[in-house]
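The structure appears below as structure tokens.
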Amino acid sequence: MKAVHTPALLEETIRYLAPRRGGELMVDATLGEGGHSGAFLERFPTLRILGLDADGEIQERARERLKAFGDRARFYRVWSQEFFAAYPADLDRPDTILFDLGISLYHYESSRRGFSFLKDEYLDMRIDTSRGRTAAEIIAALSERELADLLYLKGGERYSRRIARAVAAAKKRGPVTTTGALAELVSASVPAGYRRGPTHPATRSFQALRIAVNGEAETLPVLLEKALGVLKAGGRMGVISFHSGEDREVKHFFRAKSRECTPAPETPIGRSGGFPVVKILTPRPVSAGEGERRNNPPSRSAKFRAVEKINDPGVNA
Ligand SMILES: C[S@@+](CC[C@H](N)C(=O)[O-])C[C@H]1O[C@@H](n2cnc3c(N)ncnc32)[C@H](O)[C@@H]1O
């Protein structure tokens, strides 16, 4: 089975997150088709990986792809924020955690769940199809104003009001349930110059809906906090993000943790003093080089940041 998705910033990820001793444990918190995990397992023969994904369908593909690594790869079908919040007591704490946020090219091209405006499909957009509202259900439930806010806040769509007005008018005639119908409404409601721009006019609206359906914006800060709590002291955590809002969130989280002081053991209660939780390994975000940008266009918007956990509040407190 051939993978649909090409892992972004693979060499950069390996450079920052390579194991530094034998027998390390890594959590790939967004396993996808297992592109990053496969490369790590191949290159580091004593590394073990726990692969998490909320999407059972894509996880089956990763299982198949990583079969050759036997029990060095273990799989959990779970939202990673829930996994880290209740980290299994019988597992070692991880030396490394990797996040490759968002969805995979597989979702756009093969999932048939309405992630792409280039195909005409039902507007589902759920990563985890066992729960939650679909994009079509969200569109049906939101008022014109609420939809405009969603498109603006989660997608940065500057014509959010016009688009929401067109969708509200269409809803009076019947429900908007397909990617084709939504893409047409968006195209017809934005100015001609925007329609002929370098990106499809529906790109931001689709991104906003996907983020809303999967609770991505609300989840990220909790996810990073819980994961860092579980990471071993001395361990490393890396995050690849694909849009500026996400990268900003990651940057602020890492900065705050590099300043936040966990109390030093000898500090009397009520006195300040102590140690920062992380050291930032990437003062600036790492982006794809020319070659990768050319060969794997989605990598153009990828940004990677990494930290090393230098103090463990749980241990020092
Ligand atoms: C960009 S893809 C990962 C691609 C992977 N690194 C590869 O090279 O094949 C992100 C994957 O993470 C999953 N995902 C996104 N957010 C998640 C979360 N909070 N918890 C669990 N899985 C998540 C998606 O279903 C998707 O399969």
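Residue numbers start at 1 in each chain; chains themselves are named A, B, ... in the order of the structure tokens; ligands are numbered from 1 in the order shown.
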Going by DSSP on the backbone, which bits of segment 72-191 of chain A are alpha helix (DSSP H)? Write them as JSON, numbers by chain, please. {"A": [80, 81, 82, 83, 84, 85, 105, 106, 107, 108, 109, 110, 135, 136, 137, 138, 139, 140, 141, 144, 145, 146, 147, 148, 149, 150, 151, 152, 153, 154, 155, 160, 161, 162, 163, 164, 165, 166, 167, 168, 169, 170, 171, 172, 173, 179, 180, 181, 182, 183, 184, 185, 186, 187, 188, 189]}
Within-7 Å residues of ligand 1, basis only C-alpha atoms and all ligand atoms, as a PyMOL selection string: chain A and resi 5-8+29-36+52-55+58+78-81+100-104+127+219
At a cut-off of 12 Å, using only C-alpha atoms, what residues contact Phe44 of chain A? Leave out same-chain residues fewer than 2 positions from it and give the result as a PyMOL selection string. chain A and resi 14+17-26+37-42+46-49+69+72
Output N, CA and C atoms of each residue in that selection to a file, as a PDB file, in the first residue's frame.
```pdb
ATOM      1  N   ILE A  14      14.111  14.898  12.523  1.00  0.00           N
ATOM      2  CA  ILE A  14      15.078  13.898  12.988  1.00  0.00           C
ATOM      3  C   ILE A  14      16.279  14.596  13.626  1.00  0.00           C
ATOM      4  N   LEU A  17      15.067  15.728  17.106  1.00  0.00           N
ATOM      5  CA  LEU A  17      14.437  14.764  18.015  1.00  0.00           C
ATOM      6  C   LEU A  17      15.095  13.385  18.005  1.00  0.00           C
ATOM      7  N   ALA A  18      16.256  13.248  17.365  1.00  0.00           N
ATOM      8  CA  ALA A  18      16.923  11.941  17.310  1.00  0.00           C
ATOM      9  C   ALA A  18      17.219  11.451  18.719  1.00  0.00           C
ATOM     10  N   PRO A  19      17.034  10.146  18.991  1.00  0.00           N
ATOM     11  CA  PRO A  19      17.361   9.622  20.318  1.00  0.00           C
ATOM     12  C   PRO A  19      18.837   9.830  20.632  1.00  0.00           C
ATOM     13  N   ARG A  20      19.127  10.078  21.908  1.00  0.00           N
ATOM     14  CA  ARG A  20      20.521  10.313  22.295  1.00  0.00           C
ATOM     15  C   ARG A  20      21.120   9.142  23.058  1.00  0.00           C
ATOM     16  N   ARG A  21      20.301   8.106  23.323  1.00  0.00           N
ATOM     17  CA  ARG A  21      20.807   6.860  23.917  1.00  0.00           C
ATOM     18  C   ARG A  21      19.925   5.719  23.414  1.00  0.00           C
ATOM     19  N   GLY A  22      20.287   4.490  23.762  1.00  0.00           N
ATOM     20  CA  GLY A  22      19.519   3.341  23.254  1.00  0.00           C
ATOM     21  C   GLY A  22      18.210   3.153  24.012  1.00  0.00           C
ATOM     22  N   GLY A  23      17.256   2.486  23.377  1.00  0.00           N
ATOM     23  CA  GLY A  23      16.022   2.056  24.047  1.00  0.00           C
ATOM     24  C   GLY A  23      15.053   3.168  24.402  1.00  0.00           C
ATOM     25  N   GLU A  24      15.137   4.301  23.713  1.00  0.00           N
ATOM     26  CA  GLU A  24      14.238   5.419  24.070  1.00  0.00           C
ATOM     27  C   GLU A  24      12.793   5.144  23.641  1.00  0.00           C
ATOM     28  N   LEU A  25      11.880   5.890  24.288  1.00  0.00           N
ATOM     29  CA  LEU A  25      10.453   5.798  23.946  1.00  0.00           C
ATOM     30  C   LEU A  25       9.990   7.136  23.382  1.00  0.00           C
ATOM     31  N   MET A  26       9.345   7.055  22.198  1.00  0.00           N
ATOM     32  CA  MET A  26       8.838   8.270  21.550  1.00  0.00           C
ATOM     33  C   MET A  26       7.317   8.154  21.426  1.00  0.00           C
ATOM     34  N   SER A  37       7.045   8.373  11.843  1.00  0.00           N
ATOM     35  CA  SER A  37       7.371   7.230  12.702  1.00  0.00           C
ATOM     36  C   SER A  37       8.178   6.175  11.962  1.00  0.00           C
ATOM     37  N   GLY A  38       7.784   5.880  10.727  1.00  0.00           N
ATOM     38  CA  GLY A  38       8.495   4.864   9.948  1.00  0.00           C
ATOM     39  C   GLY A  38       9.960   5.244   9.774  1.00  0.00           C
ATOM     40  N   ALA A  39      10.206   6.512   9.477  1.00  0.00           N
ATOM     41  CA  ALA A  39      11.587   6.953   9.259  1.00  0.00           C
ATOM     42  C   ALA A  39      12.393   6.882  10.565  1.00  0.00           C
ATOM     43  N   PHE A  40      11.788   7.259  11.683  1.00  0.00           N
ATOM     44  CA  PHE A  40      12.494   7.170  12.973  1.00  0.00           C
ATOM     45  C   PHE A  40      12.805   5.700  13.319  1.00  0.00           C
ATOM     46  N   LEU A  41      11.832   4.825  13.130  1.00  0.00           N
ATOM     47  CA  LEU A  41      12.029   3.408  13.483  1.00  0.00           C
ATOM     48  C   LEU A  41      13.117   2.791  12.608  1.00  0.00           C
ATOM     49  N   GLU A  42      13.123   3.180  11.370  1.00  0.00           N
ATOM     50  CA  GLU A  42      14.112   2.669  10.410  1.00  0.00           C
ATOM     51  C   GLU A  42      15.520   3.120  10.811  1.00  0.00           C
ATOM     52  N   THR A  46      16.812   0.823  18.083  1.00  0.00           N
ATOM     53  CA  THR A  46      16.325   0.420  19.410  1.00  0.00           C
ATOM     54  C   THR A  46      15.198   1.335  19.901  1.00  0.00           C
ATOM     55  N   LEU A  47      14.798   2.283  19.058  1.00  0.00           N
ATOM     56  CA  LEU A  47      13.717   3.206  19.434  1.00  0.00           C
ATOM     57  C   LEU A  47      12.371   2.471  19.434  1.00  0.00           C
ATOM     58  N   ARG A  48      11.505   2.798  20.431  1.00  0.00           N
ATOM     59  CA  ARG A  48      10.124   2.274  20.445  1.00  0.00           C
ATOM     60  C   ARG A  48       9.181   3.467  20.282  1.00  0.00           C
ATOM     61  N   ILE A  49       8.072   3.248  19.579  1.00  0.00           N
ATOM     62  CA  ILE A  49       7.132   4.357  19.329  1.00  0.00           C
ATOM     63  C   ILE A  49       5.707   3.978  19.712  1.00  0.00           C
ATOM     64  N   PHE A  69       8.037  -3.479  11.877  1.00  0.00           N
ATOM     65  CA  PHE A  69       8.781  -3.102  13.087  1.00  0.00           C
ATOM     66  C   PHE A  69       8.259  -3.840  14.331  1.00  0.00           C
ATOM     67  N   ARG A  72       7.912  -2.855  18.309  1.00  0.00           N
ATOM     68  CA  ARG A  72       8.552  -1.539  18.546  1.00  0.00           C
ATOM     69  C   ARG A  72       7.553  -0.416  18.261  1.00  0.00           C
TER      70      ARG A  72
END
```
Could you tell me how far atom CA of Gly132 of chain A lies from atom CA of Ala89 of chain A, in Å and to one decimal?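 Spanning atom CA of Gly132 of chain A to atom CA of Ala89 of chain A is a straight-line distance of 28.4 Å.
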Spatial neighbours of segment 154-171 of chain A, 8 Å, only C-alpha atoms, chain gap at least 5 places, as an MDAnalysis selection string: chainID A and resid 140 143:145 147:149 176 182 185:186 189:190 204:209 211:212 217
Output file for the selection above: C-alpha atoms, as a PDB file, in the first residue's frame:
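Output saved as result.pdb:
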```pdb
ATOM      1  CA  ALA A 140     -27.249  24.150   9.683  1.00  0.00           C
ATOM      2  CA  SER A 143     -26.887  31.881  12.516  1.00  0.00           C
ATOM      3  CA  GLU A 144     -25.484  34.145   9.773  1.00  0.00           C
ATOM      4  CA  ARG A 145     -23.559  36.156  12.363  1.00  0.00           C
ATOM      5  CA  LEU A 147     -20.966  31.617  10.797  1.00  0.00           C
ATOM      6  CA  ALA A 148     -19.300  34.921   9.822  1.00  0.00           C
ATOM      7  CA  ASP A 149     -17.444  34.990  13.159  1.00  0.00           C
ATOM      8  CA  VAL A 176     -26.078  23.209   2.516  1.00  0.00           C
ATOM      9  CA  LEU A 182     -20.399  25.424  -0.268  1.00  0.00           C
ATOM     10  CA  LEU A 185     -21.530  29.816  -2.626  1.00  0.00           C
ATOM     11  CA  VAL A 186     -18.140  31.085  -1.464  1.00  0.00           C
ATOM     12  CA  SER A 189     -20.026  35.840  -2.976  1.00  0.00           C
ATOM     13  CA  VAL A 190     -16.405  37.119  -3.000  1.00  0.00           C
ATOM     14  CA  ARG A 204      -9.974  29.693   4.329  1.00  0.00           C
ATOM     15  CA  SER A 205     -13.646  28.846   4.779  1.00  0.00           C
ATOM     16  CA  PHE A 206     -12.916  25.124   4.553  1.00  0.00           C
ATOM     17  CA  GLN A 207      -9.997  25.459   6.974  1.00  0.00           C
ATOM     18  CA  ALA A 208     -12.175  27.373   9.456  1.00  0.00           C
ATOM     19  CA  LEU A 209     -14.922  24.740   9.350  1.00  0.00           C
ATOM     20  CA  ILE A 211     -10.862  23.570  12.796  1.00  0.00           C
ATOM     21  CA  ALA A 212     -14.322  24.144  14.313  1.00  0.00           C
ATOM     22  CA  ALA A 217      -8.121  25.738  18.293  1.00  0.00           C
TER      23      ALA A 217
END
```
